[in-house]
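Coordinates as given in coords.txt (compact mmCIF, C-alpha atoms):
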# COMPACT_ATOMS: atom_id res chain seq x y z
CA MET K 1021 98.92 136.79 24.03
CA GLU K 1022 98.33 140.27 25.38
CA VAL K 1023 100.66 143.11 26.40
CA THR K 1024 99.55 145.83 28.82
CA THR K 1025 101.54 148.69 30.29
CA LYS K 1026 101.26 150.71 33.47
CA LYS K 1027 103.36 153.75 34.34
CA THR K 1028 104.13 154.78 37.90
CA ASP K 1029 106.65 157.55 38.58
CA GLU K 1030 109.80 156.50 36.68
CA THR K 1031 108.80 152.85 36.21
CA LEU K 1032 106.96 151.41 33.23
CA THR K 1033 105.57 147.95 33.98
CA VAL K 1034 104.97 145.72 30.96
CA LYS K 1035 102.67 142.79 31.70
CA VAL K 1036 102.67 139.98 29.16
CA SER K 1037 99.81 137.47 29.34
CA GLY K 1038 99.62 134.15 27.48
CA ALA K 1039 101.98 131.87 25.62
CA VAL K 1040 104.56 133.59 23.41
CA ASP K 1041 104.91 131.47 20.27
CA THR K 1042 106.35 132.64 16.95
CA GLU K 1043 103.20 134.52 15.92
CA ALA K 1044 102.78 136.16 19.34
CA ALA K 1045 106.47 137.14 19.31
CA GLU K 1046 105.78 139.46 16.37
CA VAL K 1047 102.98 141.13 18.35
CA LEU K 1048 105.37 141.42 21.29
CA ARG K 1049 108.01 143.00 19.03
CA THR K 1050 105.51 145.63 17.84
CA GLU K 1051 104.37 146.47 21.38
CA LEU K 1052 107.93 146.66 22.73
CA GLY K 1053 108.87 148.92 19.82
CA LYS K 1054 106.15 151.36 20.93
CA ILE K 1055 107.57 151.30 24.46
CA LEU K 1056 111.09 152.08 23.21
CA LYS K 1057 109.75 155.29 21.65
CA LEU K 1058 108.64 156.43 25.13
CA ARG K 1059 112.27 156.28 26.32
CA PRO K 1060 111.37 154.98 29.81
CA LYS K 1061 113.85 155.30 32.69
CA LYS K 1062 112.99 151.89 34.17
CA VAL K 1063 111.14 148.96 32.62
CA VAL K 1064 109.88 146.01 34.65
CA MET K 1065 108.55 143.15 32.54
CA ASP K 1066 106.04 140.98 34.39
CA LEU K 1067 105.98 137.46 32.92
CA SER K 1068 103.89 135.87 35.69
CA LEU K 1069 101.09 135.04 33.21
CA VAL K 1070 103.39 133.58 30.51
CA PRO K 1071 103.43 129.76 30.74
CA THR K 1072 105.69 129.19 27.72
CA MET K 1073 107.91 131.23 25.43
CA GLY K 1074 109.73 130.19 22.27
CA SER K 1075 113.15 131.33 21.17
CA SER K 1076 111.62 134.03 18.98
CA GLY K 1077 109.97 135.61 22.03
CA ILE K 1078 113.22 135.49 23.98
CA GLY K 1079 114.93 137.13 21.00
CA LYS K 1080 112.38 139.96 20.93
CA ILE K 1081 113.01 140.65 24.63
CA LEU K 1082 116.75 140.72 24.01
CA ILE K 1083 116.35 143.13 21.08
CA PHE K 1084 114.15 145.34 23.28
CA PHE K 1085 116.76 145.31 26.05
CA LYS K 1086 119.49 146.29 23.60
CA GLY K 1087 117.27 149.08 22.25
CA LEU K 1088 116.98 150.72 25.67
CA ASP K 1089 119.44 153.52 26.39
CA SER K 1090 121.76 151.60 28.71
CA GLY K 1091 123.13 154.81 30.17
CA SER K 1092 119.81 156.08 31.44
CA SER K 1093 117.42 153.09 31.40
CA SER K 1094 117.18 149.96 33.50
CA PHE K 1095 115.39 146.70 32.73
CA GLU K 1096 114.35 143.69 34.77
CA ILE K 1097 112.04 140.70 34.52
CA LYS K 1098 109.81 139.67 37.41
CA GLY K 1099 107.36 136.87 38.05
CA ILE K 1100 108.92 134.44 35.60
CA HIS K 1101 107.87 130.79 35.82
CA GLU K 1102 110.54 128.33 36.90
CA ASN K 1103 110.74 126.58 33.51
CA LEU K 1104 111.28 129.90 31.71
CA TYR K 1105 113.70 131.06 34.40
CA ASN K 1106 115.85 127.99 33.77
CA ILE K 1107 115.87 128.69 30.02
CA PHE K 1108 116.73 132.38 30.51
CA LYS K 1109 119.51 131.40 32.91
CA ALA K 1110 120.84 128.71 30.53
CA VAL K 1111 121.33 131.33 27.81
CA LYS K 1112 122.84 133.68 30.42
CA LEU K 1113 120.25 136.46 30.16
CA ASP K 1114 120.49 136.75 33.95
CA LYS K 1115 123.97 138.19 33.37
CA LEU K 1116 122.49 141.07 31.30
CA PHE K 1117 119.58 142.08 33.52
CA PRO K 1118 117.92 140.98 36.78
CA ILE K 1119 115.45 138.11 36.51
CA SER K 1120 113.34 136.95 39.44
CA MET K 1121 110.57 134.44 39.91
CA ARG K 1122 108.64 136.78 42.23

Translate the structure of the given file into structure tokens.
Amino acid sequence: MEVTTKKTDETLTVKVSGAVDTEAAEVLRTELGKILKLRPKKVVMDLSLVPTMGSSGIGKILIFFKGLDSGSSSFEIKGIHENLYNIFKAVKLDKLFPISMR
């Protein structure tokens, strides 16, 4: 699994590539922690290259979301695969932040 970031204007795009299992979730946690320190205004997480994600990975994304300053930061997930979208929707993450398959 790999995490890359790209900043344009006010948006920080976080692209995650590869399966996010328990071990990769710890790497994800570390990388997302670095992003929190940047205090971005808008974060778009691109999951188009993530075929599978375990509950630990989902938990790390939720912790990251809660760590953002909700008053001045926005967060959304784009490019999520249908199987992951269904899981995220089942646990009602779509009620916390926008999630789209494109």

Contacts of K:Lys1062 within 10 Å, only C-alpha atoms, excl. fewer than 6 positions in-chain, as a PDB file with C-alpha atoms, in the coordinates of the input:
ATOM      1  CA  LYS K1027     103.360 153.750  34.340  1.00  0.00           C
ATOM      2  CA  ASP K1029     106.650 157.550  38.580  1.00  0.00           C
ATOM      3  CA  GLU K1030     109.800 156.500  36.680  1.00  0.00           C
ATOM      4  CA  THR K1031     108.800 152.850  36.210  1.00  0.00           C
ATOM      5  CA  LEU K1032     106.960 151.410  33.230  1.00  0.00           C
ATOM      6  CA  THR K1033     105.570 147.950  33.980  1.00  0.00           C
ATOM      7  CA  LEU K1088     116.980 150.720  25.670  1.00  0.00           C
ATOM      8  CA  SER K1092     119.810 156.080  31.440  1.00  0.00           C
ATOM      9  CA  SER K1093     117.420 153.090  31.400  1.00  0.00           C
ATOM     10  CA  SER K1094     117.180 149.960  33.500  1.00  0.00           C
ATOM     11  CA  PHE K1095     115.390 146.700  32.730  1.00  0.00           C
ATOM     12  CA  GLU K1096     114.350 143.690  34.770  1.00  0.00           C
TER      13      GLU K1096
END

Worksheet item: Counting only C-alpha atoms, which of K:Thr1042, K:Ser1090, K:Ser1037, K:Thr1072 gets nearest to K:Arg1059?
Response: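 Ranked by minimum distance to K:Arg1059, first place goes to K:Ser1090.
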
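Here atom CA of K:Ile1100 is placed at a distance of 5.2 Å from atom CA of K:Ser1068.
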
Worksheet item: Near K:Ile1107, counting all atoms listed in the file, which residues have an atom at most 12 Å away, once you skip same-chain residues fewer than 5 positions from it, shown as a PyMOL selection string?
Response: chain K and resi 1072-1075+1078+1100-1102+1112-1114+1119

Worksheet entry | atom CA of K:Thr1028 to atom CA of K:Asn1103, distance in Å rounded to a single decimal | 29.3 Å

Practice prompt. Just give me the gap between atom CA of K:Leu1048 and atom CA of K:Asn1106 in Å, one decimal is fine.
Written response: 21.1 Å

Practice prompt. Using all atoms listed in the file, find the one residue out of K:Met1021, K:Ile1055, K:Leu1104, K:Leu1067 that sits nearest to K:Gly1038.
Written response: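 Of all the options, K:Met1021 lies closest to K:Gly1038.
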
Item to complete: For K:Val1036, work out the shell of residues within 12 Å, counting all atoms listed in the file and skipping chain neighbours fewer than 4 positions away, then give it as number ranges by chain.
Response: K: 1021-1026, 1040, 1044-1045, 1047-1049, 1051-1052, 1064-1073, 1077, 1081, 1097-1100

Worksheet item: Of the residues K:Met1121, K:Ala1039, K:Leu1116, K:Ala1110, which is the one nearest to K:Phe1085, using all atoms listed in the file?
Response: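 Selected residue with least distance to K:Phe1085: K:Leu1116.
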
Item to complete: Kindly indicate which residue among K:Phe1084, K:Phe1108, K:Pro1118, K:Gly1091 lies nearest to K:Lys1057, using all atoms listed in the file for the distances.
Response: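 The answer is K:Phe1084, which sits nearest to K:Lys1057.
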
Atoms added to stretch 1091-1104 of chain K (N, CA and C atoms), reported as a short mmCIF file (atom, residue, chain, number, x, y, z; two decimals), in the coordinates of the input:
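File selection01.cif, as written:
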data_model
loop_
_atom_site.label_atom_id
_atom_site.label_comp_id
_atom_site.auth_asym_id
_atom_site.auth_seq_id
_atom_site.Cartn_x
_atom_site.Cartn_y
_atom_site.Cartn_z
N GLY K 1091 122.61 153.80 29.26
CA GLY K 1091 123.13 154.81 30.17
C GLY K 1091 122.08 155.40 31.09
N SER K 1092 120.84 155.43 30.64
CA SER K 1092 119.81 156.08 31.44
C SER K 1092 118.58 155.21 31.69
N SER K 1093 118.57 153.97 31.21
CA SER K 1093 117.42 153.09 31.40
C SER K 1093 117.84 151.80 32.08
N SER K 1094 116.93 151.27 32.90
CA SER K 1094 117.18 149.96 33.50
C SER K 1094 116.05 149.01 33.10
N PHE K 1095 116.35 147.71 33.16
CA PHE K 1095 115.39 146.70 32.73
C PHE K 1095 115.50 145.49 33.64
N GLU K 1096 114.35 144.93 34.00
CA GLU K 1096 114.35 143.69 34.77
C GLU K 1096 113.09 142.89 34.46
N ILE K 1097 113.18 141.60 34.71
CA ILE K 1097 112.04 140.70 34.52
C ILE K 1097 111.65 140.15 35.88
N LYS K 1098 110.34 140.18 36.15
CA LYS K 1098 109.81 139.67 37.41
C LYS K 1098 108.70 138.66 37.14
N GLY K 1099 108.48 137.79 38.11
CA GLY K 1099 107.36 136.87 38.05
C GLY K 1099 107.50 135.75 37.04
N ILE K 1100 108.71 135.46 36.63
CA ILE K 1100 108.92 134.44 35.60
C ILE K 1100 108.71 133.04 36.18
N HIS K 1101 108.08 132.17 35.41
CA HIS K 1101 107.87 130.79 35.82
C HIS K 1101 109.21 130.06 35.86
N GLU K 1102 109.29 129.04 36.70
CA GLU K 1102 110.54 128.33 36.90
C GLU K 1102 111.11 127.75 35.61
N ASN K 1103 110.24 127.17 34.76
CA ASN K 1103 110.74 126.58 33.51
C ASN K 1103 111.35 127.64 32.59
N LEU K 1104 110.72 128.81 32.52
CA LEU K 1104 111.28 129.90 31.71
C LEU K 1104 112.53 130.47 32.37
#
